[in-house]
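Enquirer: Just so it is clear, I am handing over run.tsv, which has TSV, N, CA and C atoms.
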```tsv
chain	number	residue	atom	x	y	z
A	1	MET	N	44.97	145.75	79.40
A	1	MET	CA	46.27	145.42	79.92
A	1	MET	C	46.80	146.53	80.82
A	2	SER	N	46.60	147.77	80.47
A	2	SER	CA	47.05	148.87	81.33
A	2	SER	C	45.86	149.72	81.72
A	3	ASN	N	45.98	150.37	82.88
A	3	ASN	CA	44.92	151.26	83.30
A	3	ASN	C	45.46	152.68	83.35
A	4	ASN	N	44.65	153.62	83.79
A	4	ASN	CA	45.02	155.04	83.78
A	4	ASN	C	46.15	155.35	84.76
A	5	ASN	N	46.31	154.57	85.85
A	5	ASN	CA	47.32	154.86	86.87
A	5	ASN	C	48.70	154.32	86.51
A	6	SER	N	48.81	153.43	85.57
A	6	SER	CA	50.11	152.84	85.25
A	6	SER	C	50.69	153.47	84.00
A	7	LYS	N	51.99	153.37	83.90
A	7	LYS	CA	52.68	153.90	82.72
A	7	LYS	C	52.48	152.95	81.54
A	8	SER	N	52.48	153.52	80.37
A	8	SER	CA	52.40	152.68	79.18
A	8	SER	C	53.74	151.99	78.97
A	9	PHE	N	53.74	150.99	78.16
A	9	PHE	CA	54.97	150.25	77.84
A	9	PHE	C	56.01	151.20	77.26
A	10	THR	N	55.59	152.09	76.38
A	10	THR	CA	56.51	153.04	75.76
A	10	THR	C	57.12	153.97	76.79
A	11	GLN	N	56.30	154.46	77.73
A	11	GLN	CA	56.82	155.34	78.78
A	11	GLN	C	57.81	154.60	79.68
A	12	GLU	N	57.49	153.35	80.00
A	12	GLU	CA	58.41	152.55	80.81
A	12	GLU	C	59.72	152.32	80.08
A	13	PHE	N	59.62	152.03	78.78
A	13	PHE	CA	60.82	151.77	77.98
A	13	PHE	C	61.71	153.00	77.92
A	14	PHE	N	61.14	154.17	77.62
A	14	PHE	CA	61.94	155.39	77.56
A	14	PHE	C	62.47	155.77	78.94
A	15	GLY	N	61.73	155.49	79.99
A	15	GLY	CA	62.22	155.71	81.35
A	15	GLY	C	63.43	154.83	81.65
A	16	PHE	N	63.36	153.57	81.19
A	16	PHE	CA	64.49	152.65	81.35
A	16	PHE	C	65.71	153.17	80.62
A	17	LEU	N	65.54	153.60	79.38
A	17	LEU	CA	66.66	154.11	78.59
A	17	LEU	C	67.29	155.33	79.26
A	18	LYS	N	66.45	156.20	79.80
A	18	LYS	CA	66.95	157.42	80.44
A	18	LYS	C	67.64	157.10	81.76
A	19	THR	N	67.03	156.24	82.56
A	19	THR	CA	67.57	155.91	83.87
A	19	THR	C	68.94	155.25	83.77
A	20	PHE	N	69.09	154.33	82.87
A	20	PHE	CA	70.34	153.58	82.77
A	20	PHE	C	71.30	154.13	81.73
A	21	GLY	N	70.97	155.25	81.10
A	21	GLY	CA	71.89	155.90	80.16
A	21	GLY	C	72.21	155.05	78.95
A	22	ILE	N	71.26	154.26	78.50
A	22	ILE	CA	71.50	153.33	77.39
A	22	ILE	C	71.80	154.09	76.10
A	23	ILE	N	71.11	155.19	75.86
A	23	ILE	CA	71.32	155.93	74.61
A	23	ILE	C	72.72	156.52	74.59
A	24	GLY	N	73.15	157.10	75.71
A	24	GLY	CA	74.51	157.63	75.79
A	24	GLY	C	75.55	156.54	75.60
A	25	LEU	N	75.29	155.38	76.18
A	25	LEU	CA	76.21	154.25	76.04
A	25	LEU	C	76.28	153.79	74.58
A	26	ALA	N	75.13	153.74	73.91
A	26	ALA	CA	75.11	153.34	72.51
A	26	ALA	C	75.85	154.34	71.63
A	27	ILE	N	75.66	155.62	71.89
A	27	ILE	CA	76.36	156.66	71.13
A	27	ILE	C	77.86	156.55	71.37
A	28	ALA	N	78.26	156.37	72.63
A	28	ALA	CA	79.68	156.23	72.95
A	28	ALA	C	80.28	155.00	72.27
A	29	PHE	N	79.52	153.92	72.22
A	29	PHE	CA	80.01	152.70	71.56
A	29	PHE	C	80.25	152.94	70.08
A	30	VAL	N	79.30	153.58	69.40
A	30	VAL	CA	79.43	153.83	67.96
A	30	VAL	C	80.60	154.77	67.69
A	31	ILE	N	80.73	155.82	68.48
A	31	ILE	CA	81.84	156.76	68.31
A	31	ILE	C	83.16	156.06	68.60
A	32	GLY	N	83.20	155.24	69.64
A	32	GLY	CA	84.42	154.50	69.97
A	32	GLY	C	84.81	153.54	68.88
A	33	LEU	N	83.83	152.89	68.28
A	33	LEU	CA	84.10	151.96	67.19
A	33	LEU	C	84.69	152.70	65.99
A	34	ALA	N	84.12	153.86	65.66
A	34	ALA	CA	84.64	154.66	64.55
A	34	ALA	C	86.04	155.17	64.85
A	35	ALA	N	86.27	155.62	66.08
A	35	ALA	CA	87.60	156.11	66.46
A	35	ALA	C	88.62	154.98	66.40
A	36	SER	N	88.22	153.80	66.82
A	36	SER	CA	89.11	152.65	66.77
A	36	SER	C	89.51	152.32	65.33
A	37	ARG	N	88.56	152.40	64.43
A	37	ARG	CA	88.86	152.14	63.01
A	37	ARG	C	89.81	153.18	62.45
A	38	LEU	N	89.62	154.45	62.86
A	38	LEU	CA	90.53	155.50	62.41
A	38	LEU	C	91.94	155.28	62.93
A	39	VAL	N	92.06	154.92	64.20
A	39	VAL	CA	93.38	154.69	64.78
A	39	VAL	C	94.04	153.47	64.13
A	40	THR	N	93.28	152.42	63.91
A	40	THR	CA	93.82	151.24	63.26
A	40	THR	C	94.32	151.58	61.87
A	41	SER	N	93.57	152.37	61.14
A	41	SER	CA	94.00	152.81	59.81
A	41	SER	C	95.27	153.65	59.91
A	42	LEU	N	95.33	154.55	60.89
A	42	LEU	CA	96.52	155.37	61.10
A	42	LEU	C	97.75	154.49	61.34
A	43	VAL	N	97.58	153.49	62.20
A	43	VAL	CA	98.70	152.60	62.52
A	43	VAL	C	99.11	151.80	61.29
A	44	GLN	N	98.15	151.23	60.58
A	44	GLN	CA	98.47	150.39	59.42
A	44	GLN	C	99.02	151.19	58.24
A	45	ASP	N	98.48	152.37	58.01
A	45	ASP	CA	98.84	153.12	56.81
A	45	ASP	C	99.96	154.14	57.00
A	46	ILE	N	100.17	154.60	58.23
A	46	ILE	CA	101.18	155.64	58.47
A	46	ILE	C	102.29	155.14	59.40
A	47	VAL	N	101.92	154.65	60.57
A	47	VAL	CA	102.93	154.28	61.58
A	47	VAL	C	103.75	153.08	61.12
A	48	ASN	N	103.09	151.99	60.70
A	48	ASN	CA	103.81	150.79	60.31
A	48	ASN	C	104.80	151.04	59.16
A	49	PRO	N	104.40	151.71	58.08
A	49	PRO	CA	105.38	151.98	57.03
A	49	PRO	C	106.53	152.87	57.50
A	50	THR	N	106.24	153.81	58.41
A	50	THR	CA	107.29	154.67	58.94
A	50	THR	C	108.28	153.86	59.77
A	51	VAL	N	107.76	153.00	60.63
A	51	VAL	CA	108.62	152.12	61.42
A	51	VAL	C	109.39	151.18	60.49
A	52	GLY	N	108.72	150.73	59.44
A	52	GLY	CA	109.35	149.83	58.48
A	52	GLY	C	110.54	150.44	57.77
A	53	LEU	N	110.63	151.76	57.72
A	53	LEU	CA	111.79	152.41	57.10
A	53	LEU	C	113.06	152.11	57.88
A	54	PHE	N	112.93	151.87	59.18
A	54	PHE	CA	114.09	151.65	60.04
A	54	PHE	C	114.33	150.17	60.33
A	55	LEU	N	113.47	149.30	59.82
A	55	LEU	CA	113.60	147.86	60.05
A	55	LEU	C	113.86	147.16	58.72
A	56	PRO	N	114.37	145.94	58.78
A	56	PRO	CA	114.65	145.22	57.52
A	56	PRO	C	113.38	144.85	56.73
A	57	ALA	N	112.22	144.81	57.41
A	57	ALA	CA	110.96	144.47	56.73
A	57	ALA	C	109.84	145.27	57.38
A	58	SER	N	108.68	145.31	56.71
A	58	SER	CA	107.55	146.01	57.31
A	58	SER	C	107.07	145.22	58.53
A	59	LEU	N	106.38	145.90	59.43
A	59	LEU	CA	105.93	145.25	60.66
A	59	LEU	C	105.07	144.03	60.40
A	60	GLU	N	104.15	144.12	59.42
A	60	GLU	CA	103.24	142.99	59.16
A	60	GLU	C	103.99	141.75	58.69
A	61	LYS	N	105.14	141.94	58.06
A	61	LYS	CA	105.88	140.80	57.50
A	61	LYS	C	106.92	140.25	58.47
A	62	MET	N	107.13	140.91	59.60
A	62	MET	CA	108.13	140.43	60.55
A	62	MET	C	107.58	139.21	61.28
A	63	SER	N	108.28	138.09	61.17
A	63	SER	CA	107.84	136.86	61.81
A	63	SER	C	109.05	135.94	61.99
A	64	ALA	N	108.84	134.92	62.78
A	64	ALA	CA	109.87	133.90	63.01
A	64	ALA	C	109.25	132.53	62.76
A	65	ASN	N	109.92	131.73	61.98
A	65	ASN	CA	109.48	130.35	61.74
A	65	ASN	C	110.20	129.44	62.72
A	66	VAL	N	109.42	128.62	63.40
A	66	VAL	CA	109.96	127.71	64.41
A	66	VAL	C	109.53	126.30	64.07
A	67	THR	N	110.47	125.36	64.20
A	67	THR	CA	110.16	123.96	63.95
A	67	THR	C	109.49	123.37	65.19
A	68	THR	N	108.37	122.72	64.96
A	68	THR	CA	107.63	122.13	66.08
A	68	THR	C	108.20	120.75	66.44
A	69	ILE	N	107.72	120.18	67.52
A	69	ILE	CA	108.18	118.86	67.97
A	69	ILE	C	107.88	117.80	66.92
A	70	SER	N	106.75	117.93	66.23
A	70	SER	CA	106.36	116.93	65.24
A	70	SER	C	107.09	117.12	63.91
A	71	GLY	N	107.91	118.14	63.79
A	71	GLY	CA	108.69	118.34	62.57
A	71	GLY	C	108.10	119.39	61.63
A	72	GLY	N	106.91	119.88	61.91
A	72	GLY	CA	106.30	120.92	61.09
A	72	GLY	C	106.86	122.29	61.47
A	73	THR	N	106.37	123.29	60.81
A	73	THR	CA	106.83	124.64	61.16
A	73	THR	C	105.65	125.47	61.65
A	74	SER	N	105.95	126.39	62.53
A	74	SER	CA	104.96	127.31	63.05
A	74	SER	C	105.50	128.72	62.90
A	75	GLN	N	104.63	129.63	62.56
A	75	GLN	CA	105.06	131.00	62.32
A	75	GLN	C	104.56	131.91	63.43
A	76	PHE	N	105.49	132.64	64.05
A	76	PHE	CA	105.16	133.63	65.07
A	76	PHE	C	105.23	135.00	64.43
A	77	LYS	N	104.08	135.66	64.32
A	77	LYS	CA	104.01	136.97	63.67
A	77	LYS	C	104.17	138.06	64.72
A	78	TYR	N	105.38	138.27	65.18
A	78	TYR	CA	105.62	139.26	66.23
A	78	TYR	C	105.48	140.68	65.71
A	79	GLY	N	105.65	140.91	64.42
A	79	GLY	CA	105.46	142.24	63.85
A	79	GLY	C	104.01	142.67	63.95
A	80	ASP	N	103.10	141.73	63.72
A	80	ASP	CA	101.67	142.01	63.85
A	80	ASP	C	101.32	142.33	65.31
A	81	LEU	N	101.95	141.62	66.24
A	81	LEU	CA	101.74	141.90	67.66
A	81	LEU	C	102.22	143.31	68.01
A	82	ILE	N	103.37	143.70	67.50
A	82	ILE	CA	103.90	145.05	67.76
A	82	ILE	C	102.94	146.10	67.21
A	83	ALA	N	102.40	145.88	66.01
A	83	ALA	CA	101.44	146.81	65.41
A	83	ALA	C	100.18	146.92	66.27
A	84	ASN	N	99.71	145.80	66.80
A	84	ASN	CA	98.51	145.83	67.66
A	84	ASN	C	98.79	146.52	68.99
A	85	ILE	N	99.99	146.38	69.51
A	85	ILE	CA	100.36	147.09	70.75
A	85	ILE	C	100.38	148.59	70.49
A	86	ILE	N	100.94	149.02	69.37
A	86	ILE	CA	100.95	150.44	69.01
A	86	ILE	C	99.52	150.95	68.88
A	87	ASP	N	98.67	150.18	68.23
A	87	ASP	CA	97.26	150.52	68.06
A	87	ASP	C	96.59	150.71	69.43
A	88	PHE	N	96.81	149.78	70.34
A	88	PHE	CA	96.22	149.86	71.68
A	88	PHE	C	96.71	151.09	72.43
A	89	VAL	N	98.00	151.35	72.38
A	89	VAL	CA	98.57	152.49	73.11
A	89	VAL	C	97.98	153.80	72.61
A	90	ILE	N	97.81	153.93	71.30
A	90	ILE	CA	97.23	155.16	70.74
A	90	ILE	C	95.78	155.32	71.18
A	91	ILE	N	95.00	154.24	71.14
A	91	ILE	CA	93.59	154.31	71.57
A	91	ILE	C	93.52	154.64	73.06
A	92	ALA	N	94.36	154.02	73.88
A	92	ALA	CA	94.37	154.30	75.32
A	92	ALA	C	94.75	155.76	75.57
A	93	LEU	N	95.69	156.30	74.81
A	93	LEU	CA	96.09	157.70	74.96
A	93	LEU	C	94.94	158.64	74.59
A	94	ILE	N	94.21	158.31	73.53
A	94	ILE	CA	93.06	159.14	73.12
A	94	ILE	C	91.98	159.11	74.20
A	95	VAL	N	91.71	157.95	74.77
A	95	VAL	CA	90.71	157.85	75.84
A	95	VAL	C	91.16	158.66	77.05
A	96	PHE	N	92.44	158.58	77.40
A	96	PHE	CA	92.96	159.33	78.54
A	96	PHE	C	92.85	160.84	78.31
A	97	ILE	N	93.19	161.30	77.12
A	97	ILE	CA	93.09	162.72	76.80
A	97	ILE	C	91.63	163.18	76.85
A	98	ALA	N	90.71	162.37	76.31
A	98	ALA	CA	89.29	162.70	76.36
A	98	ALA	C	88.81	162.77	77.81
A	99	TYR	N	89.26	161.85	78.64
A	99	TYR	CA	88.89	161.85	80.06
A	99	TYR	C	89.39	163.12	80.74
A	100	LYS	N	90.65	163.48	80.51
A	100	LYS	CA	91.21	164.68	81.12
A	100	LYS	C	90.44	165.93	80.67
A	101	PHE	N	90.08	165.99	79.39
A	101	PHE	CA	89.33	167.13	78.86
A	101	PHE	C	87.95	167.23	79.52
A	102	LEU	N	87.24	166.11	79.57
A	102	LEU	CA	85.91	166.10	80.17
A	102	LEU	C	85.97	166.41	81.67
A	103	LYS	N	86.99	165.91	82.34
A	103	LYS	CA	87.15	166.18	83.77
A	103	LYS	C	87.45	167.66	84.01
A	104	SER	N	88.28	168.27	83.17
A	104	SER	CA	88.63	169.68	83.36
A	104	SER	C	87.43	170.60	83.14
A	105	HIS	N	86.49	170.18	82.33
A	105	HIS	CA	85.28	170.96	82.08
A	105	HIS	C	84.11	170.52	82.95
A	106	LYS	N	84.41	169.67	83.94
A	106	LYS	CA	83.41	169.20	84.92
A	106	LYS	C	82.21	168.52	84.24
A	107	LEU	N	82.49	167.80	83.16
A	107	LEU	CA	81.42	167.08	82.46
A	107	LEU	C	81.27	165.65	82.96
A	108	ILE	N	82.26	165.17	83.71
A	108	ILE	CA	82.18	163.84	84.31
A	108	ILE	C	82.67	163.92	85.74
A	109	GLU	N	82.28	162.93	86.53
A	109	GLU	CA	82.74	162.83	87.91
A	109	GLU	C	84.06	162.09	87.93
A	110	ASP	N	84.95	162.51	88.85
A	110	ASP	CA	86.20	161.80	89.03
A	110	ASP	C	85.98	160.70	90.06
A	111	LYS	N	85.94	159.46	89.62
A	111	LYS	CA	85.67	158.33	90.50
A	111	LYS	C	86.90	157.92	91.31
A	112	THR	N	88.06	158.51	91.01
A	112	THR	CA	89.28	158.16	91.72
A	112	THR	C	89.45	158.95	92.99
A	113	GLU	N	88.77	160.09	93.12
A	113	GLU	CA	88.88	160.91	94.32
A	113	GLU	C	87.84	160.47	95.34
A	114	PRO	N	88.23	160.44	96.64
A	114	PRO	CA	87.25	160.03	97.66
A	114	PRO	C	86.13	161.06	97.77
A	115	GLU	N	84.95	160.54	98.06
A	115	GLU	CA	83.79	161.42	98.19
A	115	GLU	C	83.89	162.24	99.46
A	116	SER	N	83.50	163.52	99.38
A	116	SER	CA	83.49	164.36	100.57
A	116	SER	C	82.18	164.15	101.31
A	117	LYS	N	82.28	164.04	102.63
A	117	LYS	CA	81.08	163.75	103.43
A	117	LYS	C	80.57	164.98	104.12
```
For the structure just supplied, provide its representation as structure tokens.
Expert:
Amino acid sequence: MSNNNSKSFTQEFFGFLKTFGIIGLAIAFVIGLAASRLVTSLVQDIVNPTVGLFLPASLEKMSANVTTISGGTSQFKYGDLIANIIDFVIIALIVFIAYKFLKSHKLIEDKTEPESK
């Protein structure tokens, strides 16, 4: 199947991984997933109860019941939406801080600046 002049399947595979940065992407995905879980836990266990001290109910329990056209009721869980927005903002802030740190140490390219010719 292969001769002496061609790369082996394993060499081609590792070349592919290196060329397209798949390993770095996989590591970043796993770290991002873990960071997301930590932030979600922070929001659910610390931020929401703290915000709940100033509101009549905890964020997860804040909702509005609305009567539908057919006479049934529908529940809008706006407290859960607020908690998810807080979660998103914290994750976005962490990503921005990591970007600024990596950019200041010249570990990444700034794609927002025009290329010098």
Enquirer: Find, counting only N, CA and C atoms, the residue in A:Arg37, A:Ser74, A:Ile46, A:Gly79 that gets nearest to Met62 in chain A.
Expert: A:Gly79
Enquirer: As an exercise, work out the distance from CA of Ala35 in chain A to CA of Ile91 in chain A in Å and give it to one decimal place.
Expert: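 That distance, rounded to one decimal, is 8.1 Å.
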Enquirer: If we count all atoms listed in the file and set the cut-off at 6.5 Å, which residues sit around Ser58 in chain A, ignoring sequence neighbours fewer than 5 positions away in its own chain? Please answer as a PyMOL selection string.
Expert: chain A and resi 48-49+51-52+79
Enquirer: So, with only C-alpha atoms as the atoms that count, which of A:Val43, A:Ile22, A:Leu17, A:Ile27 lies closest to Asn84 in chain A?
Expert: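 Closest to Asn84 in chain A, using only C-alpha atoms: A:Val43.
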Enquirer: Enter the distance from atom C of Ile31 in chain A to CA of Asp80 in chain A, in Å, rounded to one decimal.
Expert: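 Atom-to-atom, atom C of Ile31 in chain A to CA of Asp80 in chain A, that is 23.7 Å.
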Enquirer: Please determine, counting all atoms listed in the file, which residue among A:Leu59, A:Ala64, A:Ile69, A:Leu33 has the shortest atom-to-atom distance to Leu81 in chain A.
Expert: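 Comparing A:Leu59, A:Ala64, A:Ile69, A:Leu33 against Leu81 in chain A, the winner is A:Leu59.
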Enquirer: Could you tell me how far atom C of Val39 in chain A sits from atom N of Phe88 in chain A, in Å to one decimal place?
Expert: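 Straight-line distance from atom N of Phe88 in chain A to atom C of Val39 in chain A works out to 7.7 Å.
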Enquirer: Between A:Leu25, A:Val30, A:Leu53, A:Leu38, which one has atoms that come closest to Ile94 in chain A, using only C-alpha atoms?
Expert: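 The answer is A:Leu38, which sits nearest to Ile94 in chain A.
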Enquirer: I'd like the contact shell of Gln75 in chain A - 6.5 Å cut-off, only N, CA and C atoms, skipping same-chain residues fewer than 2 positions apart - returned as a PyMOL selection string.
Expert: chain A and resi 63-66+73+77
